[in-house]
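J.: What follows is structure.tsv, made up of TSV, C-alpha atoms:
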```tsv
chain	number	residue	atom	x	y	z
A	185	MET	CA	-13.29	7.86	19.43
A	186	ALA	CA	-12.40	10.87	17.28
A	187	LYS	CA	-12.57	10.44	13.55
A	188	GLN	CA	-9.27	10.37	11.70
A	189	VAL	CA	-8.46	11.11	8.07
A	190	VAL	CA	-5.82	8.87	6.44
A	191	LEU	CA	-4.32	9.57	3.00
A	192	LEU	CA	-2.25	6.93	1.23
A	193	VAL	CA	0.20	8.55	-1.16
A	194	GLY	CA	1.99	6.36	-3.69
A	195	THR	CA	5.20	7.77	-5.17
A	196	LYS	CA	8.11	6.45	-7.21
A	197	LYS	CA	10.02	6.26	-3.91
A	198	GLY	CA	7.50	4.28	-1.85
A	199	LEU	CA	4.20	4.66	0.01
A	200	TYR	CA	3.56	7.43	2.54
A	201	THR	CA	0.65	7.81	4.93
A	202	LEU	CA	-0.62	11.21	6.00
A	203	ARG	CA	-2.93	11.32	9.05
A	204	SER	CA	-5.03	14.07	10.58
A	205	ASP	CA	-7.95	14.51	12.91
A	206	ALA	CA	-11.27	15.24	11.23
A	207	ASP	CA	-10.56	18.99	11.30
A	208	ARG	CA	-7.53	18.41	8.95
A	209	LYS	CA	-5.54	21.26	10.51
A	210	LYS	CA	-2.44	19.29	11.52
A	211	TRP	CA	-1.00	16.32	9.63
A	212	THR	CA	1.59	13.68	10.49
A	213	GLN	CA	3.58	11.76	7.89
A	214	GLU	CA	4.82	8.16	8.02
A	215	GLY	CA	6.86	6.24	5.49
A	216	PRO	CA	8.14	5.51	3.04
A	217	TYR	CA	7.06	1.89	3.00
A	218	SER	CA	8.55	-0.45	0.37
A	219	ALA	CA	11.14	2.18	-0.56
A	220	PRO	CA	12.46	2.80	-3.11
A	221	ALA	CA	9.87	0.90	-5.19
A	222	PRO	CA	7.22	2.74	-7.22
A	223	ILE	CA	3.71	2.53	-5.76
A	224	HIS	CA	1.09	3.00	-8.49
A	225	HIS	CA	-1.95	2.31	-6.34
A	226	ALA	CA	-2.77	2.03	-2.64
A	227	THR	CA	-6.06	1.58	-0.85
A	228	TYR	CA	-7.54	1.28	2.62
A	229	ASP	CA	-10.37	-1.09	3.58
A	230	PRO	CA	-12.38	0.51	6.41
A	231	ARG	CA	-14.20	-2.75	7.14
A	232	ASP	CA	-11.15	-4.25	8.85
A	233	GLY	CA	-8.47	-1.52	8.68
A	234	SER	CA	-6.37	-3.28	6.02
A	235	MET	CA	-4.08	-1.34	3.70
A	236	TYR	CA	-2.98	-2.61	0.27
A	237	ALA	CA	-0.19	-1.34	-1.99
A	238	ALA	CA	0.60	-2.24	-5.61
A	239	ILE	CA	4.39	-2.39	-5.82
A	240	ASN	CA	6.35	-2.45	-9.09
A	241	MET	CA	9.99	-3.29	-8.39
A	242	THR	CA	12.30	-3.49	-11.39
A	243	TRP	CA	14.60	-5.97	-9.63
A	244	GLY	CA	12.06	-7.93	-7.55
A	245	GLY	CA	9.01	-7.95	-9.78
A	246	SER	CA	5.50	-6.72	-9.16
A	247	ARG	CA	3.43	-7.69	-6.15
A	248	ILE	CA	0.69	-6.62	-3.78
A	249	ASP	CA	1.68	-5.98	-0.15
A	250	TYR	CA	-0.85	-5.62	2.65
A	251	SER	CA	-0.91	-4.41	6.23
A	252	ARG	CA	-3.44	-5.35	8.90
A	253	ASP	CA	-2.09	-2.89	11.51
A	254	MET	CA	-2.33	0.49	9.74
A	255	GLY	CA	1.09	0.22	8.10
A	256	LYS	CA	3.24	-0.82	11.06
A	257	THR	CA	4.08	-4.16	9.42
A	258	TRP	CA	3.64	-5.36	5.84
A	259	GLU	CA	3.18	-8.83	4.31
A	260	LYS	CA	3.67	-9.91	0.69
A	261	SER	CA	0.67	-11.51	-0.97
A	262	LYS	CA	0.99	-14.31	-3.50
A	263	ASN	CA	0.88	-13.28	-7.13
A	264	PRO	CA	-1.83	-14.76	-9.34
A	265	ALA	CA	-1.05	-18.23	-10.67
A	266	PHE	CA	-1.78	-19.04	-14.29
A	267	PRO	CA	-2.23	-22.50	-15.83
A	268	GLU	CA	0.96	-24.22	-16.94
A	269	GLY	CA	1.74	-23.41	-20.56
A	270	SER	CA	-0.19	-20.13	-20.40
A	271	ASP	CA	1.45	-17.07	-21.92
A	272	ARG	CA	0.00	-14.84	-19.19
A	273	THR	CA	2.31	-13.11	-16.74
A	274	PHE	CA	2.03	-10.81	-13.75
A	275	SER	CA	4.42	-8.00	-14.66
A	276	GLN	CA	2.80	-4.73	-13.53
A	277	THR	CA	0.27	-3.89	-10.84
```
What would you get if you wrote out this structure as structure tokens?
T.:
Amino acid sequence: MAKQVVLLVGTKKGLYTLRSDADRKKWTQEGPYSAPAPIHHATYDPRDGSMYAAINMTWGGSRIDYSRDMGKTWEKSKNPAFPEGSDRTFSQT
């Protein structure tokens, strides 16, 4: 199998993926995912092909979404839970 280069690009309008063969001469673009939410961080786990995106929605709150199929479908992860009565919150990722 030919090696492929994948760039995850977080913007204020969502997450884009840019893909190329190892020679990096021709690129394809996919996305945006989670538009129009700002994506401050995104990462790829080569061990199992998972992608993760830190999403900061002003109307829906902050969360981490993940994909197990190279961005074709996305799932919402559960936000961290803090003990009852704690003043901690999960407001930005």
J.: Any idea what the distance is between CA of Asp253 (chain A) and CA of Lys196 (chain A)?
T.: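 So the two atoms, CA of Asp253 (chain A) and CA of Lys196 (chain A), lie 23.3 Å apart.
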J.: Tell me which protein, DNA and RNA residues are within 9 Å of region 228-238 of chain A, counting only C-alpha atoms, leaving out same-chain ones fewer than 3 positions away, and put them as a VMD selection string.
T.: chain A and resid 190 to 192 194 199 222 to 225 246 to 255 258 276 to 277
J.: What does the distance from CA of Lys197 (chain A) to CA of Tyr217 (chain A) come to in Å, to one decimal?
T.: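 Separation of CA of Lys197 (chain A) and CA of Tyr217 (chain A): 8.7 Å.
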J.: Need the neighbours of (-15.8, 12.2, 10.7): which residues are at most 7 Å away, counting all atoms listed in the file, as a PyMOL selection string?
T.: chain A and resi 187-188+206
J.: Rounded to one decimal place, report the CA of Gly245 (chain A)-CA of Asn263 (chain A) distance in Å.
T.: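 CA of Gly245 (chain A) sits 10.1 Å away from CA of Asn263 (chain A).
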J.: Which residue, A:Gly215, A:Val189, A:Ala226, A:Pro220, has the smallest gap to Thr201 (chain A) when you use only C-alpha atoms?
T.: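 Of all the options, A:Gly215 lies closest to Thr201 (chain A).
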J.: Identify which of the residues A:Glu214, A:Trp243, A:Asp207, A:Val193 lies closest to Thr227 (chain A), counting all atoms listed in the file when measuring atom-to-atom distances.
T.: A:Val193
